[in-house]
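Asker: upload-v9.txt is the file, holding compact mmCIF, C-alpha atoms:
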# COMPACT_ATOMS: atom_id res chain seq x y z
CA MET A 20 218.51 -68.34 23.44
CA LYS A 21 217.80 -70.82 26.21
CA ASP A 22 218.06 -73.88 23.96
CA ARG A 23 221.62 -72.85 23.10
CA VAL A 24 222.55 -73.07 26.77
CA VAL A 25 222.25 -76.85 26.68
CA LEU A 26 225.12 -77.18 24.23
CA ARG A 27 227.59 -75.58 26.65
CA ASP A 28 227.56 -78.32 29.26
CA GLY A 29 229.72 -81.33 28.49
CA MET A 30 231.19 -79.68 25.42
CA GLU A 31 233.96 -81.89 24.11
CA GLY A 32 235.14 -79.62 21.40
CA THR A 33 238.04 -77.24 21.21
CA ARG A 34 239.22 -74.89 23.94
CA VAL A 35 240.97 -71.68 23.02
CA VAL A 36 242.71 -70.24 26.10
CA VAL A 37 244.03 -66.67 26.00
CA GLY A 38 246.63 -65.59 28.57
CA MET A 39 245.27 -62.59 30.48
CA ALA A 40 247.81 -61.96 33.24
CA THR A 41 249.65 -58.63 33.64
CA CYS A 42 252.14 -59.58 30.94
CA GLY A 43 249.42 -60.60 28.52
CA ILE A 44 247.29 -57.52 29.13
CA ALA A 45 250.30 -55.23 28.70
CA ALA A 46 251.30 -57.02 25.48
CA GLY A 47 247.86 -56.69 23.90
CA ALA A 48 245.87 -59.78 24.85
CA ARG A 49 242.54 -57.96 25.17
CA PRO A 50 242.13 -57.35 21.41
CA VAL A 51 243.34 -60.90 20.69
CA LEU A 52 240.64 -62.30 22.97
CA ASN A 53 238.05 -60.11 21.24
CA ALA A 54 239.23 -61.32 17.83
CA PHE A 55 238.68 -64.93 18.90
CA VAL A 56 235.30 -64.28 20.50
CA GLU A 57 234.08 -62.36 17.43
CA GLY A 58 235.65 -64.75 14.95
CA VAL A 59 234.31 -67.92 16.59
CA ASN A 60 230.84 -66.42 16.61
CA LYS A 61 231.10 -65.15 13.03
CA GLU A 62 232.21 -68.53 11.71
CA GLY A 63 229.42 -70.27 13.61
CA LEU A 64 231.85 -72.29 15.73
CA GLU A 65 230.30 -71.36 19.08
CA SER A 66 228.94 -74.83 19.76
CA SER A 67 232.28 -76.58 19.34
CA VAL A 68 234.81 -73.94 20.37
CA SER A 69 234.99 -72.26 23.77
CA VAL A 70 237.14 -69.18 24.33
CA THR A 71 238.41 -68.71 27.87
CA GLN A 72 241.08 -66.76 29.73
CA THR A 73 243.91 -67.88 31.97
CA GLY A 74 246.57 -66.32 34.19
CA CYS A 75 250.32 -66.37 33.81
CA ILE A 76 251.51 -69.20 31.60
CA GLY A 77 255.16 -68.54 32.42
CA ILE A 78 256.46 -67.39 29.02
CA CYS A 79 255.80 -63.70 29.50
CA GLN A 80 258.19 -62.49 26.81
CA TYR A 81 256.07 -64.34 24.23
CA GLU A 82 252.76 -62.80 25.21
CA PRO A 83 250.05 -62.52 23.90
CA VAL A 84 249.86 -66.31 24.16
CA VAL A 85 246.95 -68.43 22.98
CA GLU A 86 246.74 -72.15 23.74
CA VAL A 87 244.48 -74.44 21.72
CA PHE A 88 243.34 -77.71 23.29
CA GLU A 89 241.60 -80.31 21.17
CA ALA A 90 240.56 -83.75 22.37
CA GLY A 91 243.11 -86.32 21.30
CA GLN A 92 245.60 -83.72 20.06
CA GLU A 93 248.70 -82.18 21.57
CA LYS A 94 248.27 -78.69 22.97
CA VAL A 95 249.22 -75.97 20.48
CA THR A 96 250.82 -72.83 21.90
CA TYR A 97 250.59 -69.75 19.70
CA VAL A 98 252.83 -66.86 20.75
CA LYS A 99 253.21 -63.13 20.02
CA MET A 100 249.63 -63.09 18.82
CA ASN A 101 247.68 -60.14 17.46
CA PRO A 102 244.14 -59.81 16.05
CA GLU A 103 245.33 -60.46 12.47
CA LYS A 104 247.11 -63.67 13.42
CA ALA A 105 244.05 -64.64 15.45
CA GLN A 106 241.96 -64.41 12.27
CA GLU A 107 244.38 -66.73 10.48
CA VAL A 108 244.31 -69.24 13.33
CA ILE A 109 240.51 -69.24 13.28
CA GLU A 110 240.44 -69.79 9.51
CA LYS A 111 243.25 -72.31 9.12
CA HIS A 112 243.28 -74.12 12.45
CA LEU A 113 239.83 -73.91 14.04
CA LYS A 114 237.94 -74.17 10.76
CA GLY A 115 240.47 -75.90 8.57
CA GLY A 116 242.07 -78.21 11.12
CA GLN A 117 245.63 -77.17 10.19
CA VAL A 118 247.93 -75.82 12.90
CA VAL A 119 249.56 -72.54 11.83
CA GLY A 120 253.11 -73.66 12.55
CA GLU A 121 254.85 -70.33 12.05
CA TYR A 122 252.94 -68.75 14.96
CA THR A 123 253.66 -71.54 17.41
CA ILE A 124 256.25 -71.39 20.16
CA GLY A 125 258.24 -74.12 18.40
CA ALA A 126 258.78 -71.91 15.37
CA VAL A 127 259.78 -68.88 17.43
CA THR A 128 262.20 -70.53 19.82
CA ALA A 129 263.91 -72.82 17.30
CA MET B 24 250.22 -50.15 30.34
CA LYS B 25 249.03 -47.99 27.50
CA GLU B 26 245.70 -47.12 29.08
CA LEU B 27 244.35 -47.15 32.61
CA SER B 28 241.57 -49.47 31.45
CA LEU B 29 244.25 -52.16 31.14
CA ASN B 30 245.46 -51.58 34.72
CA ILE B 31 241.82 -51.81 35.80
CA LEU B 32 241.41 -55.14 34.00
CA ASP B 33 244.62 -56.42 35.52
CA VAL B 34 243.89 -55.47 39.14
CA ALA B 35 240.26 -56.61 38.96
CA GLU B 36 241.57 -60.04 37.91
CA ASN B 37 243.31 -60.18 41.30
CA SER B 38 239.94 -59.76 42.98
CA VAL B 39 238.49 -62.64 41.02
CA LYS B 40 241.53 -64.77 41.85
CA ALA B 41 240.96 -63.94 45.53
CA GLY B 42 237.58 -65.61 45.27
CA ALA B 43 235.45 -62.50 45.20
CA SER B 44 231.72 -63.00 44.69
CA LEU B 45 231.37 -59.30 43.89
CA THR B 46 234.09 -57.09 42.43
CA GLN B 47 233.31 -53.39 42.23
CA ILE B 48 235.03 -51.09 39.77
CA LEU B 49 234.23 -47.51 40.65
CA ILE B 50 235.54 -44.49 38.79
CA THR B 51 234.74 -40.96 39.93
CA GLU B 52 235.85 -37.86 38.10
CA GLU B 53 235.63 -34.58 39.98
CA GLY B 54 237.29 -31.59 38.41
CA SER B 55 240.76 -32.74 37.48
CA LEU B 56 240.87 -35.57 40.02
CA LEU B 57 240.09 -39.12 39.00
CA THR B 58 239.55 -41.69 41.71
CA LEU B 59 239.64 -45.36 40.85
CA GLU B 60 238.44 -47.91 43.36
CA ILE B 61 238.53 -51.66 42.99
CA VAL B 62 236.69 -53.30 45.86
CA ASP B 63 236.16 -56.99 46.41
CA ASP B 64 234.87 -59.43 49.00
CA GLY B 65 237.57 -61.99 48.35
CA CYS B 66 239.93 -63.68 50.80
CA GLY B 67 241.83 -60.49 51.64
CA MET B 68 245.46 -59.97 52.57
CA SER B 69 247.30 -59.72 55.87
CA GLU B 70 249.14 -56.50 56.74
CA ASP B 71 252.45 -58.04 55.66
CA VAL B 72 251.10 -59.01 52.27
CA VAL B 73 249.53 -55.57 51.74
CA ARG B 74 252.96 -54.05 52.32
CA SER B 75 254.55 -56.53 49.91
CA VAL B 76 252.20 -56.26 46.95
CA VAL B 77 253.66 -52.94 45.83
CA ASP B 78 257.01 -54.67 45.49
CA PRO B 79 257.45 -55.90 41.91
CA PHE B 80 259.42 -58.88 43.17
CA TYR B 81 256.51 -60.16 45.25
CA THR B 82 253.96 -62.50 43.73
CA THR B 83 251.77 -65.42 44.65
CA ARG B 84 252.13 -67.09 41.28
CA THR B 85 254.57 -69.91 40.84
CA THR B 86 255.44 -69.42 37.19
CA ARG B 87 257.60 -66.31 37.59
CA LYS B 88 259.22 -64.31 40.41
CA VAL B 89 257.70 -60.93 39.59
CA GLY B 90 254.25 -59.48 40.11
CA MET B 91 253.91 -56.25 38.21
CA GLY B 92 250.19 -55.47 38.40
CA ILE B 93 249.99 -53.36 41.54
CA PRO B 94 253.45 -51.76 41.04
CA LEU B 95 252.32 -50.63 37.56
CA LEU B 96 249.12 -49.11 38.96
CA LYS B 97 251.13 -47.38 41.69
CA LEU B 98 253.48 -45.94 39.08
CA ALA B 99 250.61 -44.76 36.90
CA CYS B 100 248.94 -42.78 39.70
CA GLU B 101 252.06 -41.52 41.44
CA GLN B 102 253.52 -40.11 38.24
CA THR B 103 250.53 -37.73 38.12
CA GLY B 104 250.97 -36.75 41.75
CA GLY B 105 248.30 -39.16 42.96
CA GLU B 106 248.52 -42.01 45.41
CA LEU B 107 247.66 -45.65 45.90
CA THR B 108 246.17 -47.05 49.08
CA ILE B 109 245.25 -50.64 49.76
CA GLU B 110 243.07 -51.72 52.67
CA SER B 111 242.42 -55.35 53.25
CA VAL B 112 240.81 -57.69 55.76
CA THR B 113 241.43 -61.42 55.60
CA ALA B 114 238.65 -63.98 55.88
CA GLU B 115 240.44 -65.26 58.98
CA ALA B 116 240.33 -61.86 60.66
CA ASP B 117 236.69 -61.28 59.82
CA PRO B 118 234.62 -64.07 58.28
CA GLU B 119 231.72 -61.70 57.76
CA ALA B 120 233.37 -58.72 56.13
CA HIS B 121 236.57 -59.59 54.32
CA GLY B 122 238.11 -58.38 51.12
CA THR B 123 240.32 -55.75 49.61
CA HIS B 124 239.79 -52.11 48.72
CA VAL B 125 242.28 -50.57 46.30
CA THR B 126 242.07 -46.79 45.83
CA ALA B 127 244.19 -44.96 43.26
CA THR B 128 243.95 -41.22 42.64
CA PHE B 129 245.09 -39.49 39.48
CA HIS B 130 245.57 -35.82 38.58
CA MET B 131 244.16 -35.76 35.07
CA ASP B 132 245.72 -32.38 34.27
CA HIS B 133 249.23 -33.75 34.79
CA ILE B 134 251.22 -34.29 31.61
CA ASP B 135 251.95 -37.88 32.64
CA PHE B 136 248.32 -38.88 33.08
CA THR B 137 247.78 -42.16 31.24
CA PRO B 138 244.52 -41.97 29.30
CA LEU B 139 241.62 -43.91 30.77
CA GLY B 140 241.04 -45.63 27.45
CA ASP B 141 238.35 -48.19 26.72
CA VAL B 142 236.98 -49.09 30.13
CA SER B 143 233.95 -50.86 28.66
CA ALA B 144 236.27 -53.28 26.87
CA SER B 145 237.85 -54.16 30.19
CA ILE B 146 234.49 -54.72 31.86
CA LEU B 147 233.44 -56.95 28.96
CA THR B 148 236.70 -58.89 29.16
CA LEU B 149 236.15 -59.51 32.87
CA ILE B 150 232.62 -60.77 32.29
CA GLN B 151 233.76 -62.89 29.31
CA GLY B 152 236.36 -64.66 31.41
CA HIS B 153 234.44 -64.88 34.67
CA PRO B 154 230.74 -65.22 33.89
CA ASP B 155 229.92 -66.79 37.24
CA THR B 156 231.10 -63.97 39.50
CA ASP B 157 229.50 -60.56 39.84
CA PHE B 158 230.79 -57.18 38.82
CA LEU B 159 229.45 -53.76 39.72
CA PHE B 160 230.82 -51.05 37.45
CA SER B 161 230.19 -47.37 37.96
CA HIS B 162 231.80 -44.40 36.19
CA GLU B 163 230.74 -40.99 37.40
CA GLN B 164 231.68 -37.84 35.52
CA ASN B 165 230.03 -34.42 35.58
CA GLY B 166 227.25 -35.78 37.73
CA HIS B 167 226.35 -38.41 35.13
CA VAL B 168 226.78 -42.09 35.96
CA VAL B 169 227.46 -45.00 33.62
CA LYS B 170 226.57 -48.17 35.47
CA LEU B 171 226.41 -51.92 35.10
CA ASP B 172 225.53 -54.49 37.73
CA THR B 173 225.77 -58.10 36.62
CA ARG B 174 223.54 -59.14 39.54
CA GLU B 175 220.67 -57.28 37.93
CA LEU B 176 221.39 -58.94 34.58
CA ARG B 177 221.40 -62.38 36.14
CA VAL B 178 217.87 -61.91 37.46
CA VAL B 179 216.62 -61.31 33.92
CA LEU B 180 218.83 -63.89 32.18
CA GLU B 181 218.19 -66.76 34.59
CA ASP B 182 220.28 -69.67 33.24
CA VAL B 183 221.68 -67.97 30.18
CA PRO B 184 225.42 -67.45 30.71
CA LEU B 185 226.53 -63.83 30.98
CA ASN B 186 229.22 -64.46 28.42
CA SER B 187 227.04 -65.82 25.63
CA TYR B 188 227.73 -63.84 22.51
CA ASP B 189 224.36 -62.11 22.33
CA VAL B 190 224.46 -61.10 25.98
CA MET B 191 227.99 -59.71 25.61
CA GLN B 192 226.88 -57.74 22.54
CA TRP B 193 223.95 -56.35 24.53
CA ILE B 194 226.16 -55.36 27.46
CA GLY B 195 228.60 -53.63 25.12
CA GLU B 196 225.77 -51.71 23.49
CA TYR B 197 224.24 -50.85 26.88
CA LEU B 198 227.54 -49.35 28.06
CA ARG B 199 228.07 -47.57 24.74
CA GLU B 200 224.64 -45.93 24.95
CA GLN B 201 225.25 -44.75 28.51
CA TYR B 202 228.62 -43.27 27.58
CA GLU B 203 227.09 -41.52 24.57
CA ALA B 204 224.49 -39.93 26.82
CA VAL B 205 227.29 -38.34 28.87
CA SER B 206 228.75 -36.42 25.94
Translate this file's structure into structure tokens.

Answerer:
Amino acid sequence: MKDRVVLRDGMEGTRVVVGMATCGIAAGARPVLNAFVEGVNKEGLESSVSVTQTGCIGICQYEPVVEVFEAGQEKVTYVKMNPEKAQEVIEKHLKGGQVVGEYTIGAVTA
Amino acid sequence: MKELSLNILDVAENSVKAGASLTQILITEEGSLLTLEIVDDGCGMSEDVVRSVVDPFYTTRTTRKVGMGIPLLKLACEQTGGELTIESVTAEADPEAHGTHVTATFHMDHIDFTPLGDVSASILTLIQGHPDTDFLFSHEQNGHVVKLDTRELRVVLEDVPLNSYDVMQWIGEYLREQYEAVS
């Protein structure tokens, strides 16, 4: 396991940030976080995708919120997430490189 | 919150935010009384702040004007006839022994007792998000204790991060086994 530790430092890949403030927790962020942690591991993306938590993002009514940061790309904000949608995002966006537009804040607020 | 484990997750996050190096989550069940304690060695709060935190319109965050965490915990325990007490010492007041101690008591036989829920999931979530700070978890019921101390894990793991997938799986299993031994 120790050789895998090396890959963590200076990782340039993708960051998946799950909102875990009071609003997020109340709205169901814990299972969404689990879905991402499990999914990233299952798809073998651990070396290029990190899953972390954050506090209040400021759009509490849209929680659970998941932000995806990729080098050179605009931040993608997924809202009203659940474990099923998380699976889709892992498949289509993290693996397939295609943002799932209908789950983004742009689609919901338009 | 649907389960107390979510309130626990929420309030423990405050401890981490306060810069705690060790956050303790202690649950004791004795008869029909459940006592939840969240203790940290973070920066602490002044008397004025301690009085304010139970107010839902008080918060230190800048994104919104409400802070619901503590008010929700207060509601959850008081609706069962229990009470919430918060003791805190700021780093300024005592550089050697500062931090916050939140104690919430619940009467489990009250109809409005929110189920404890999946406490292990909350502990795992805390470790996942904050692998560099320590957590001491202890749940005592019927004389049996379920325990986890990340400081002990760190000694064995050395440089391996606490939130690597395999370690998290192990911790989950370790907690599951201990809980199974209780029943």

Asker: Just how far from atom CA of B:Thr58 is atom CA of A:Gln72, in Å to one decimal?

Answerer: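 Atom-to-atom, atom CA of A:Gln72 and atom CA of B:Thr58 are spaced 27.8 Å apart.
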
Asker: Would you mind listing what lies within 12 Å of A:Tyr81 as a count of residues only, with only C-alpha atoms counted and same-chain residues fewer than 4 positions away left out?

Answerer: 24

Asker: Starting from the point (238.6, -57.1, 29.2), work out which residues of protein, DNA or RNA have an atom no more than 9 Å away when counting only C-alpha atoms; state them as a compact mmCIF listing (two decimals) with C-alpha atoms, in the frame of the given file.

Answerer:
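Output (point11.txt):
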# COMPACT_ATOMS: atom_id res chain seq x y z
CA MET A 39 245.27 -62.59 30.48
CA ILE A 44 247.29 -57.52 29.13
CA ALA A 48 245.87 -59.78 24.85
CA ARG A 49 242.54 -57.96 25.17
CA PRO A 50 242.13 -57.35 21.41
CA LEU A 52 240.64 -62.30 22.97
CA ASN A 53 238.05 -60.11 21.24
CA SER B 28 241.57 -49.47 31.45
CA LEU B 29 244.25 -52.16 31.14
CA LEU B 32 241.41 -55.14 34.00
CA ASP B 33 244.62 -56.42 35.52
CA VAL B 142 236.98 -49.09 30.13
CA SER B 143 233.95 -50.86 28.66
CA ALA B 144 236.27 -53.28 26.87
CA SER B 145 237.85 -54.16 30.19
CA ILE B 146 234.49 -54.72 31.86
CA LEU B 147 233.44 -56.95 28.96
CA THR B 148 236.70 -58.89 29.16
CA LEU B 149 236.15 -59.51 32.87
CA ILE B 150 232.62 -60.77 32.29
CA GLN B 151 233.76 -62.89 29.31
CA GLY B 152 236.36 -64.66 31.41

Asker: Considering only C-alpha atoms, tabulate each residue of chain B that lies at most 9 Å from chain A along with its nearest interatomic pair and the corresponding distance in Å to one decimal; arrange the rows by chain and ascending residue number and present them as CSV.

Answerer:
residue,atom,partner,partner_atom,distance
B:Met24,CA,A:Ala45,CA,5.3
B:Lys25,CA,A:Ala45,CA,7.4
B:Leu29,CA,A:Ile44,CA,6.5
B:Asn30,CA,A:Thr41,CA,8.3
B:Leu32,CA,A:Ile44,CA,8.0
B:Asp33,CA,A:Thr41,CA,5.8
B:Val34,CA,A:Thr41,CA,8.6
B:Glu36,CA,A:Ala40,CA,8.0
B:Arg84,CA,A:Cys75,CA,7.7
B:Thr85,CA,A:Gly77,CA,8.6
B:Thr86,CA,A:Gly77,CA,4.9
B:Arg87,CA,A:Gly77,CA,6.1
B:Gly90,CA,A:Thr41,CA,8.0
B:Met91,CA,A:Thr41,CA,6.7
B:Gly92,CA,A:Thr41,CA,5.7
B:Ala144,CA,A:Arg49,CA,8.0
B:Ser145,CA,A:Arg49,CA,7.9
B:Thr148,CA,A:Arg49,CA,7.1
B:Gln151,CA,A:Thr71,CA,7.6
B:Gly152,CA,A:Gln72,CA,5.4
B:His153,CA,A:Gln72,CA,8.5
B:Asp182,CA,A:Lys21,CA,7.5
B:Val183,CA,A:Val24,CA,6.2
B:Pro184,CA,A:Val24,CA,7.4
B:Ser187,CA,A:Val24,CA,8.6
B:Tyr188,CA,A:Asn60,CA,7.2
B:Asp189,CA,A:Met20,CA,8.6

Asker: Give me the residues within 8 Å of B:Leu198 as number ranges by chain, counting only C-alpha atoms and dropping any in the same chain fewer than 2 places off.

Answerer: B: 143, 169-171, 194-196, 200-202

Asker: Hey, can you check how far atom CA of A:Val119 sits from atom CA of A:Ser66?

Answerer: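 Atom CA of A:Ser66 lies at a distance of 22.2 Å from atom CA of A:Val119.
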
Asker: Can you pull out the residues contacting A:Val108? Cut-off 10 Å, using only C-alpha atoms, and skip same-chain residues under 6 positions away; I want them as a list in words.

Answerer: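 These residues fall inside the cut-off: Phe55, Gly58, Val87, Tyr97, Met100, Pro102, Lys114, Gly115, Gly116, Gln117, Val118, Val119, Gly120 and Tyr122 of chain A.
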
Asker: Here is a test: counting only C-alpha atoms, which residue of B:Ile61, B:Leu185, B:Leu96, B:Val168 is nearest to B:Thr123?

Answerer: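 Comparing B:Ile61, B:Leu185, B:Leu96, B:Val168 against B:Thr123, the winner is B:Ile61.
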
Asker: Between atom CA of A:Thr33 and atom CA of A:Ser67, what is the distance, to one decimal in Å?

Answerer: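 Taking atom CA of A:Thr33 and atom CA of A:Ser67, their separation equals 6.1 Å.
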
Asker: B:Thr51: which residues within 6 Å, counting only C-alpha atoms, same-chain residues fewer than 5 positions away excluded, as a VMD selection string?

Answerer: chain B and resid 57 to 58 162 to 163

Asker: Just the selected residues (C-alpha atoms), exported as a PDB file, in the coordinates of the input, please.

Answerer:
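The file below, again-v1.pdb, is the result:
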ATOM      1  CA  LEU B  57     240.090 -39.120  39.000  1.00  0.00           C
ATOM      2  CA  THR B  58     239.550 -41.690  41.710  1.00  0.00           C
ATOM      3  CA  HIS B 162     231.800 -44.400  36.190  1.00  0.00           C
ATOM      4  CA  GLU B 163     230.740 -40.990  37.400  1.00  0.00           C
TER       5      GLU B 163
END

Asker: Quick one: everything within 12 Å of B:Arg74, counting all atoms listed in the file, minus sequence neighbours fewer than 6 positions away in the same chain. Send it as a ChimeraX atom specification.

Answerer: /B:68,81,93-94,107-111

Asker: Using all atoms listed in the file, which residue out of B:Ser55, B:Asn186, B:Thr126, B:Gln164 lies closest to B:Ile31?

Answerer: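 With all atoms listed in the file as the atom set, the closest residue is B:Thr126.
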
Asker: Please complete stretch 82-107 of chain A so it has N, CA and C atoms, and hand it over as an mmCIF file, keeping the file's coordinate frame.

Answerer:
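The resulting part.cif:
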data_model
loop_
_atom_site.group_PDB
_atom_site.id
_atom_site.type_symbol
_atom_site.label_atom_id
_atom_site.label_comp_id
_atom_site.auth_asym_id
_atom_site.auth_seq_id
_atom_site.Cartn_x
_atom_site.Cartn_y
_atom_site.Cartn_z
ATOM 1 N N GLU A 82 254.155 -63.191 25.183
ATOM 2 C CA GLU A 82 252.760 -62.800 25.210
ATOM 3 C C GLU A 82 252.449 -61.858 24.047
ATOM 4 N N PRO A 83 251.223 -61.746 23.522
ATOM 5 C CA PRO A 83 250.050 -62.520 23.900
ATOM 6 C C PRO A 83 250.139 -63.994 23.470
ATOM 7 N N VAL A 84 249.798 -64.867 24.414
ATOM 8 C CA VAL A 84 249.860 -66.310 24.160
ATOM 9 C C VAL A 84 248.457 -66.882 24.096
ATOM 10 N N VAL A 85 248.250 -67.781 23.126
ATOM 11 C CA VAL A 85 246.950 -68.430 22.980
ATOM 12 C C VAL A 85 247.191 -69.932 22.881
ATOM 13 N N GLU A 86 246.585 -70.699 23.778
ATOM 14 C CA GLU A 86 246.740 -72.150 23.740
ATOM 15 C C GLU A 86 245.470 -72.774 23.174
ATOM 16 N N VAL A 87 245.649 -73.762 22.303
ATOM 17 C CA VAL A 87 244.480 -74.440 21.720
ATOM 18 C C VAL A 87 244.512 -75.897 22.140
ATOM 19 N N PHE A 88 243.444 -76.320 22.830
ATOM 20 C CA PHE A 88 243.340 -77.710 23.290
ATOM 21 C C PHE A 88 242.240 -78.401 22.521
ATOM 22 N N GLU A 89 242.604 -79.506 21.869
ATOM 23 C CA GLU A 89 241.600 -80.310 21.170
ATOM 24 C C GLU A 89 241.714 -81.725 21.669
ATOM 25 N N ALA A 90 240.557 -82.373 21.872
ATOM 26 C CA ALA A 90 240.560 -83.750 22.370
ATOM 27 C C ALA A 90 241.389 -84.629 21.460
ATOM 28 N N GLY A 91 242.306 -85.386 22.078
ATOM 29 C CA GLY A 91 243.110 -86.320 21.300
ATOM 30 C C GLY A 91 244.295 -85.706 20.587
ATOM 31 N N GLN A 92 244.469 -84.373 20.724
ATOM 32 C CA GLN A 92 245.600 -83.720 20.060
ATOM 33 C C GLN A 92 246.526 -83.116 21.088
ATOM 34 N N GLU A 93 247.759 -82.858 20.681
ATOM 35 C CA GLU A 93 248.700 -82.180 21.570
ATOM 36 C C GLU A 93 248.324 -80.713 21.643
ATOM 37 N N LYS A 94 248.578 -80.120 22.803
ATOM 38 C CA LYS A 94 248.270 -78.690 22.970
ATOM 39 C C LYS A 94 249.106 -77.870 21.991
ATOM 40 N N VAL A 95 248.492 -76.862 21.393
ATOM 41 C CA VAL A 95 249.220 -75.970 20.480
ATOM 42 C C VAL A 95 249.360 -74.626 21.181
ATOM 43 N N THR A 96 250.591 -74.113 21.245
ATOM 44 C CA THR A 96 250.820 -72.830 21.900
ATOM 45 C C THR A 96 251.216 -71.778 20.867
ATOM 46 N N TYR A 97 250.303 -70.850 20.628
ATOM 47 C CA TYR A 97 250.590 -69.750 19.700
ATOM 48 C C TYR A 97 251.142 -68.596 20.522
ATOM 49 N N VAL A 98 252.213 -67.955 19.999
ATOM 50 C CA VAL A 98 252.830 -66.860 20.750
ATOM 51 C C VAL A 98 252.853 -65.573 19.940
ATOM 52 N N LYS A 99 253.142 -64.461 20.647
ATOM 53 C CA LYS A 99 253.210 -63.130 20.020
ATOM 54 C C LYS A 99 252.015 -62.907 19.097
ATOM 55 N N MET A 100 250.844 -63.193 19.627
ATOM 56 C CA MET A 100 249.630 -63.090 18.820
ATOM 57 C C MET A 100 249.138 -61.644 18.697
ATOM 58 N N ASN A 101 248.349 -61.428 17.654
ATOM 59 C CA ASN A 101 247.680 -60.140 17.460
ATOM 60 C C ASN A 101 246.354 -60.468 16.772
ATOM 61 N N PRO A 102 245.440 -59.495 16.643
ATOM 62 C CA PRO A 102 244.140 -59.810 16.050
ATOM 63 C C PRO A 102 244.216 -60.380 14.635
ATOM 64 N N GLU A 103 245.201 -59.937 13.837
ATOM 65 C CA GLU A 103 245.330 -60.460 12.470
ATOM 66 C C GLU A 103 245.710 -61.928 12.485
ATOM 67 N N LYS A 104 246.695 -62.271 13.328
ATOM 68 C CA LYS A 104 247.110 -63.670 13.420
ATOM 69 C C LYS A 104 245.963 -64.518 13.970
ATOM 70 N N ALA A 105 245.183 -63.915 14.876
ATOM 71 C CA ALA A 105 244.050 -64.640 15.450
ATOM 72 C C ALA A 105 243.087 -65.037 14.337
ATOM 73 N N GLN A 106 242.843 -64.121 13.402
ATOM 74 C CA GLN A 106 241.960 -64.410 12.270
ATOM 75 C C GLN A 106 242.461 -65.604 11.480
ATOM 76 N N GLU A 107 243.778 -65.622 11.229
ATOM 77 C CA GLU A 107 244.380 -66.730 10.480
ATOM 78 C C GLU A 107 244.211 -68.048 11.220
#
